[in-house]
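Source file: query21.cif (mmCIF, C-alpha atoms and all ligand atoms)
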data_my_file
#
loop_
_atom_site.group_PDB
_atom_site.id
_atom_site.type_symbol
_atom_site.label_atom_id
_atom_site.label_comp_id
_atom_site.auth_asym_id
_atom_site.auth_seq_id
_atom_site.Cartn_x
_atom_site.Cartn_y
_atom_site.Cartn_z
ATOM 1 C CA MET A 20 -38.548 5.766 20.439
ATOM 2 C CA GLU A 21 -35.661 3.448 19.718
ATOM 3 C CA THR A 22 -34.544 3.860 16.122
ATOM 4 C CA ASN A 23 -31.181 2.126 16.320
ATOM 5 C CA ARG A 24 -31.404 -1.052 14.250
ATOM 6 C CA LEU A 25 -27.901 -2.340 15.046
ATOM 7 C CA SER A 26 -26.887 -4.195 18.195
ATOM 8 C CA ASN A 27 -24.085 -2.616 20.214
ATOM 9 C CA LYS A 28 -21.843 -5.509 19.262
ATOM 10 C CA LEU A 29 -22.441 -5.154 15.535
ATOM 11 C CA ALA A 30 -22.191 -1.359 15.651
ATOM 12 C CA LYS A 31 -18.820 -1.746 17.373
ATOM 13 C CA ALA A 32 -17.648 -4.335 14.850
ATOM 14 C CA LEU A 33 -18.706 -2.157 11.906
ATOM 15 C CA ASN A 34 -17.070 0.903 13.417
ATOM 16 C CA ASN A 35 -13.875 -1.117 13.886
ATOM 17 C CA GLN A 36 -14.061 -2.250 10.295
ATOM 18 C CA MET A 37 -14.332 1.365 9.189
ATOM 19 C CA THR A 38 -11.006 1.967 10.908
ATOM 20 C CA ASN A 39 -9.565 -1.173 9.302
ATOM 21 C CA GLU A 40 -10.513 0.097 5.857
ATOM 22 C CA ALA A 41 -9.017 3.513 6.644
ATOM 23 C CA HIS A 42 -5.886 1.708 7.825
ATOM 24 C CA ASN A 43 -5.768 -0.185 4.524
ATOM 25 C CA ALA A 44 -6.009 3.126 2.679
ATOM 26 C CA GLN A 45 -3.050 4.435 4.702
ATOM 27 C CA ILE A 46 -1.065 1.308 3.848
ATOM 28 C CA PHE A 47 -1.650 1.825 0.125
ATOM 29 C CA LEU A 48 -0.809 5.525 0.410
ATOM 30 C CA ALA A 49 2.416 4.678 2.220
ATOM 31 C CA TYR A 50 3.442 1.987 -0.272
ATOM 32 C CA ALA A 51 2.488 4.169 -3.252
ATOM 33 C CA SER A 52 4.561 7.034 -1.892
ATOM 34 C CA TRP A 53 7.464 4.702 -1.176
ATOM 35 C CA ILE A 54 7.446 3.298 -4.693
ATOM 36 C CA SER A 55 6.885 6.656 -6.357
ATOM 37 C CA ASP A 56 10.033 7.856 -4.614
ATOM 38 C CA LYS A 57 11.859 4.967 -6.273
ATOM 39 C CA GLY A 58 10.661 6.146 -9.685
ATOM 40 C CA TYR A 59 8.039 3.476 -10.419
ATOM 41 C CA GLU A 60 5.169 5.788 -11.276
ATOM 42 C CA GLY A 61 3.050 3.099 -12.928
ATOM 43 C CA ILE A 62 2.935 0.959 -9.795
ATOM 44 C CA ALA A 63 2.566 4.062 -7.618
ATOM 45 C CA ASN A 64 -0.433 5.251 -9.605
ATOM 46 C CA PHE A 65 -1.984 1.812 -9.300
ATOM 47 C CA LEU A 66 -1.518 1.851 -5.515
ATOM 48 C CA PHE A 67 -2.694 5.453 -5.111
ATOM 49 C CA ARG A 68 -5.918 4.575 -6.888
ATOM 50 C CA HIS A 69 -6.325 1.552 -4.679
ATOM 51 C CA ALA A 70 -6.007 3.749 -1.595
ATOM 52 C CA ASN A 71 -9.117 5.546 -2.848
ATOM 53 C CA GLU A 72 -10.934 2.247 -3.162
ATOM 54 C CA GLU A 73 -10.148 1.470 0.461
ATOM 55 C CA ARG A 74 -11.465 4.835 1.555
ATOM 56 C CA ASN A 75 -14.641 4.153 -0.403
ATOM 57 C CA HIS A 76 -15.000 0.917 1.549
ATOM 58 C CA MET A 77 -14.747 2.897 4.764
ATOM 59 C CA MET A 78 -17.401 5.358 3.551
ATOM 60 C CA LYS A 79 -19.687 2.555 2.483
ATOM 61 C CA ILE A 80 -19.660 1.149 6.028
ATOM 62 C CA LEU A 81 -20.023 4.601 7.568
ATOM 63 C CA GLU A 82 -23.117 5.281 5.494
ATOM 64 C CA TYR A 83 -24.584 1.908 6.435
ATOM 65 C CA ILE A 84 -24.109 2.508 10.174
ATOM 66 C CA LEU A 85 -25.850 5.877 9.859
ATOM 67 C CA LYS A 86 -28.607 4.414 7.746
ATOM 68 C CA ARG A 87 -29.330 1.850 10.457
ATOM 69 C CA GLY A 88 -29.616 4.564 13.079
ATOM 70 C CA ALA A 89 -26.463 3.646 15.020
ATOM 71 C CA LYS A 90 -23.608 5.864 16.102
ATOM 72 C CA VAL A 91 -20.538 6.363 13.950
ATOM 73 C CA THR A 92 -17.308 6.776 15.904
ATOM 74 C CA ILE A 93 -14.302 8.045 14.013
ATOM 75 C CA ALA A 94 -11.243 6.548 15.656
ATOM 76 C CA ALA A 95 -7.507 7.081 15.242
ATOM 77 C CA ILE A 96 -6.015 5.232 12.282
ATOM 78 C CA PRO A 97 -3.004 3.056 13.116
ATOM 79 C CA ALA A 98 0.214 3.869 11.273
ATOM 80 C CA PRO A 99 0.829 1.771 8.159
ATOM 81 C CA GLY A 100 4.021 0.208 9.504
ATOM 82 C CA PRO A 101 7.481 0.119 7.981
ATOM 83 C CA ASP A 102 8.074 0.621 4.271
ATOM 84 C CA PRO A 103 8.556 -2.508 2.175
ATOM 85 C CA VAL A 104 12.146 -3.493 1.451
ATOM 86 C CA SER A 105 11.442 -4.376 -2.198
ATOM 87 C CA ILE A 106 8.609 -4.471 -4.715
ATOM 88 C CA ASN A 107 8.319 -8.180 -4.039
ATOM 89 C CA ASP A 108 7.989 -7.466 -0.320
ATOM 90 C CA CYS A 109 5.470 -4.716 -1.087
ATOM 91 C CA PHE A 110 3.211 -7.062 -3.050
ATOM 92 C CA GLU A 111 3.543 -9.799 -0.410
ATOM 93 C CA LYS A 112 2.540 -7.329 2.300
ATOM 94 C CA ILE A 113 -0.468 -6.254 0.233
ATOM 95 C CA PHE A 114 -1.618 -9.845 -0.129
ATOM 96 C CA LYS A 115 -1.206 -10.462 3.610
ATOM 97 C CA SER A 116 -3.167 -7.353 4.451
ATOM 98 C CA GLU A 117 -6.008 -8.382 2.118
ATOM 99 C CA VAL A 118 -6.182 -11.841 3.690
ATOM 100 C CA GLU A 119 -6.348 -10.260 7.148
ATOM 101 C CA ASN A 120 -9.092 -7.964 5.943
ATOM 102 C CA THR A 121 -11.051 -10.934 4.631
ATOM 103 C CA ALA A 122 -10.875 -12.508 8.099
ATOM 104 C CA ASN A 123 -12.223 -9.273 9.617
ATOM 105 C CA ILE A 124 -15.079 -9.212 7.118
ATOM 106 C CA TYR A 125 -15.925 -12.848 7.815
ATOM 107 C CA ASN A 126 -16.064 -12.108 11.548
ATOM 108 C CA ILE A 127 -18.751 -9.500 10.953
ATOM 109 C CA VAL A 128 -20.649 -11.876 8.687
ATOM 110 C CA ASN A 129 -20.507 -14.514 11.440
ATOM 111 C CA LEU A 130 -21.716 -12.021 14.005
ATOM 112 C CA SER A 131 -24.605 -10.832 11.858
ATOM 113 C CA MET A 132 -25.604 -14.453 11.278
ATOM 114 C CA ALA A 133 -25.430 -15.258 14.991
ATOM 115 C CA GLU A 134 -27.665 -12.268 15.728
ATOM 116 C CA LYS A 135 -29.961 -13.014 12.786
ATOM 117 C CA ASP A 136 -29.396 -9.462 11.590
ATOM 118 C CA TRP A 137 -30.115 -10.282 7.982
ATOM 119 C CA ALA A 138 -29.901 -6.667 6.818
ATOM 120 C CA THR A 139 -26.275 -6.504 7.966
ATOM 121 C CA TRP A 140 -25.596 -9.998 6.685
ATOM 122 C CA ASN A 141 -26.912 -8.927 3.296
ATOM 123 C CA PHE A 142 -24.915 -5.688 3.371
ATOM 124 C CA MET A 143 -21.735 -7.595 4.179
ATOM 125 C CA GLN A 144 -22.086 -9.895 1.166
ATOM 126 C CA TRP A 145 -20.823 -7.067 -1.034
ATOM 127 C CA PHE A 146 -17.631 -7.055 1.033
ATOM 128 C CA VAL A 147 -17.310 -10.838 0.845
ATOM 129 C CA LYS A 148 -17.368 -10.595 -2.952
ATOM 130 C CA GLU A 149 -15.079 -7.584 -2.946
ATOM 131 C CA GLN A 150 -12.493 -9.379 -0.820
ATOM 132 C CA THR A 151 -12.455 -12.291 -3.261
ATOM 133 C CA GLU A 152 -11.678 -9.811 -6.033
ATOM 134 C CA GLU A 153 -9.070 -8.009 -3.968
ATOM 135 C CA GLU A 154 -7.298 -11.221 -3.033
ATOM 136 C CA THR A 155 -7.308 -12.204 -6.708
ATOM 137 C CA LEU A 156 -5.817 -8.865 -7.630
ATOM 138 C CA ALA A 157 -3.138 -9.184 -4.942
ATOM 139 C CA LEU A 158 -2.326 -12.693 -6.193
ATOM 140 C CA ASP A 159 -2.092 -11.287 -9.698
ATOM 141 C CA LEU A 160 0.448 -8.733 -8.481
ATOM 142 C CA LEU A 161 2.442 -11.542 -6.867
ATOM 143 C CA ALA A 162 2.306 -13.528 -10.113
ATOM 144 C CA LYS A 163 3.578 -10.531 -12.060
ATOM 145 C CA ILE A 164 6.499 -9.922 -9.717
ATOM 146 C CA LYS A 165 7.311 -13.635 -9.756
ATOM 147 C CA VAL A 166 7.571 -13.534 -13.545
ATOM 148 C CA ALA A 167 9.794 -10.457 -13.194
ATOM 149 C CA GLY A 168 12.155 -12.434 -10.946
ATOM 150 C CA GLY A 169 10.557 -12.179 -7.493
ATOM 151 C CA ALA A 170 12.886 -10.865 -4.793
ATOM 152 C CA ASN A 171 15.730 -10.888 -7.365
ATOM 153 C CA ALA A 172 13.836 -9.002 -10.075
ATOM 154 C CA LYS A 173 16.198 -7.019 -12.264
ATOM 155 C CA ALA A 174 15.743 -3.376 -13.242
ATOM 156 C CA ASP A 175 14.587 -4.083 -16.796
ATOM 157 C CA ALA A 176 11.923 -6.540 -15.616
ATOM 158 C CA LEU A 177 10.699 -4.050 -13.016
ATOM 159 C CA TYR A 178 10.612 -1.355 -15.683
ATOM 160 C CA THR A 179 8.349 -3.565 -17.790
ATOM 161 C CA LEU A 180 6.149 -4.361 -14.793
ATOM 162 C CA ASP A 181 5.853 -0.674 -13.980
ATOM 163 C CA LYS A 182 4.850 0.102 -17.546
ATOM 164 C CA ASP A 183 2.441 -2.815 -17.575
ATOM 165 C CA LEU A 184 0.586 -1.512 -14.515
ATOM 166 C CA ALA A 185 0.628 2.044 -15.862
ATOM 167 C CA ASP A 186 -0.831 0.917 -19.194
ATOM 168 C CA THR A 187 -3.603 -1.243 -17.766
ATOM 169 C CA PRO A 188 -5.591 1.143 -15.591
ATOM 170 C CA ASP A 189 -8.747 -0.935 -15.794
ATOM 171 C CA ASP A 190 -7.052 -3.731 -13.866
ATOM 172 C CA ALA A 191 -6.715 -1.397 -10.940
ATOM 173 C CA LYS A 192 -10.378 -0.533 -10.764
ATOM 174 C CA LEU A 193 -11.121 -3.039 -8.084
ATOM 175 C CA ALA A 194 -14.451 -1.584 -7.176
ATOM 176 C CA GLN A 195 -14.920 0.905 -9.920
ATOM 177 C CA ASP A 196 -18.640 0.353 -9.935
ATOM 178 C CA VAL A 197 -18.873 0.971 -6.224
ATOM 179 C CA THR A 198 -18.163 4.437 -4.968
ATOM 180 C CA VAL A 199 -19.622 6.592 -2.272
ATOM 181 C CA ASP A 200 -21.930 8.116 -4.866
ATOM 182 C CA ASN A 201 -22.793 4.793 -6.392
ATOM 183 C CA PRO A 202 -22.627 2.145 -3.640
HETATM 184 FE FE1 LIG B 1 -11.188 -2.812 1.653
HETATM 185 FE FE2 LIG B 1 -8.663 -4.152 0.318
HETATM 186 O O1 LIG B 1 -10.064 -4.223 1.534
#

What is this structure when it is put down as structure tokens?
Amino acid sequence: METNRLSNKLAKALNNQMTNEAHNAQIFLAYASWISDKGYEGIANFLFRHANEERNHMMKILEYILKRGAKVTIAAIPAPGPDPVSINDCFEKIFKSEVENTANIYNIVNLSMAEKDWATWNFMQWFVKEQTEEETLALDLLAKIKVAGGANAKADALYTLDKDLADTPDDAKLAQDVTVDNP
């Protein structure tokens, strides 16, 4: 008896998105490590925690694919790319990566709509909302670095920014109510 409730196309798209989310986690791990090495532990901590959020996104999709009776394929994760050249560059890269991820999410939403797979469409709405929040958070980071002087931010302004992010842990909880245990 056929128990797979996902089309091959959607299963492939969701599996790809799992890899995208894992790739995002690697990006945050790389940037967090890069910035920790520079001594900005507040920003590093913020980015390390965000890497976990990205991994949770991956797990959320993995669990959905299994739940729908389709096959999960764990693929190689692309390397995160070169380190940022500055904190400004780091935050710009984060924003760009979130916008790209939104486009990937929208593609799956479009596909589920075209196939009238309303279960997947409904599942993906969580990600649509999440991406709005993540883009807002990335914009907030860009606003903070802009106030600190953007690409020309001085050490004292970066120190304050680092402290600011270290002291406001709740800001970093992008999807704190959504974990693998509590999707
Ligand atoms: Fe899972 Fe930041 O997108």

Pick out the residues no farther than 12 Å from ligand LIG 1 (chain B), counting all atoms listed in the file, and list them as a ChimeraX atom specification. /A:36-47,66,68-80,112-124,143,145-157,191-194,197

Produce a file of the selected residues containing C-alpha atoms, as a compact mmCIF listing (two decimals), in the coordinates of the input.
# COMPACT_ATOMS: atom_id res chain seq x y z
CA GLN A 36 -14.06 -2.25 10.30
CA MET A 37 -14.33 1.36 9.19
CA THR A 38 -11.01 1.97 10.91
CA ASN A 39 -9.56 -1.17 9.30
CA GLU A 40 -10.51 0.10 5.86
CA ALA A 41 -9.02 3.51 6.64
CA HIS A 42 -5.89 1.71 7.82
CA ASN A 43 -5.77 -0.18 4.52
CA ALA A 44 -6.01 3.13 2.68
CA GLN A 45 -3.05 4.43 4.70
CA ILE A 46 -1.06 1.31 3.85
CA PHE A 47 -1.65 1.82 0.12
CA LEU A 66 -1.52 1.85 -5.52
CA ARG A 68 -5.92 4.58 -6.89
CA HIS A 69 -6.32 1.55 -4.68
CA ALA A 70 -6.01 3.75 -1.60
CA ASN A 71 -9.12 5.55 -2.85
CA GLU A 72 -10.93 2.25 -3.16
CA GLU A 73 -10.15 1.47 0.46
CA ARG A 74 -11.46 4.84 1.56
CA ASN A 75 -14.64 4.15 -0.40
CA HIS A 76 -15.00 0.92 1.55
CA MET A 77 -14.75 2.90 4.76
CA MET A 78 -17.40 5.36 3.55
CA LYS A 79 -19.69 2.56 2.48
CA ILE A 80 -19.66 1.15 6.03
CA LYS A 112 2.54 -7.33 2.30
CA ILE A 113 -0.47 -6.25 0.23
CA PHE A 114 -1.62 -9.85 -0.13
CA LYS A 115 -1.21 -10.46 3.61
CA SER A 116 -3.17 -7.35 4.45
CA GLU A 117 -6.01 -8.38 2.12
CA VAL A 118 -6.18 -11.84 3.69
CA GLU A 119 -6.35 -10.26 7.15
CA ASN A 120 -9.09 -7.96 5.94
CA THR A 121 -11.05 -10.93 4.63
CA ALA A 122 -10.88 -12.51 8.10
CA ASN A 123 -12.22 -9.27 9.62
CA ILE A 124 -15.08 -9.21 7.12
CA MET A 143 -21.74 -7.60 4.18
CA TRP A 145 -20.82 -7.07 -1.03
CA PHE A 146 -17.63 -7.06 1.03
CA VAL A 147 -17.31 -10.84 0.84
CA LYS A 148 -17.37 -10.60 -2.95
CA GLU A 149 -15.08 -7.58 -2.95
CA GLN A 150 -12.49 -9.38 -0.82
CA THR A 151 -12.46 -12.29 -3.26
CA GLU A 152 -11.68 -9.81 -6.03
CA GLU A 153 -9.07 -8.01 -3.97
CA GLU A 154 -7.30 -11.22 -3.03
CA THR A 155 -7.31 -12.20 -6.71
CA LEU A 156 -5.82 -8.86 -7.63
CA ALA A 157 -3.14 -9.18 -4.94
CA ALA A 191 -6.72 -1.40 -10.94
CA LYS A 192 -10.38 -0.53 -10.76
CA LEU A 193 -11.12 -3.04 -8.08
CA ALA A 194 -14.45 -1.58 -7.18
CA VAL A 197 -18.87 0.97 -6.22

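From CA of Arg87 in chain A back to CA of Leu25 in chain A, the distance works out to 6.4 Å.
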
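For the pair CA of Asp108 in chain A and CA of Val166 in chain A, the separation is 14.6 Å.
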
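For the atom pair formed by CA of Met132 in chain A and CA of Leu81 in chain A, the distance is 20.2 Å, given to one decimal.
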
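Residues matched by the PyMOL selection byres (((chain A and resi 50-52) around 7) and not hetatm) in this file are Ile46, Phe47, Leu48, Ala49, Trp53, Ile54, Ser55, Asp56, Ala63, Leu66, Phe67 and Asp102 of chain A.
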
Go through the shown structure with the PyMOL selection byres (((chain A and resi 30) around 12) and not hetatm) and write out the matching residues as a PyMOL selection string. chain A and resi 23-29+31-37+80-81+83-92+127+130-131+136+139
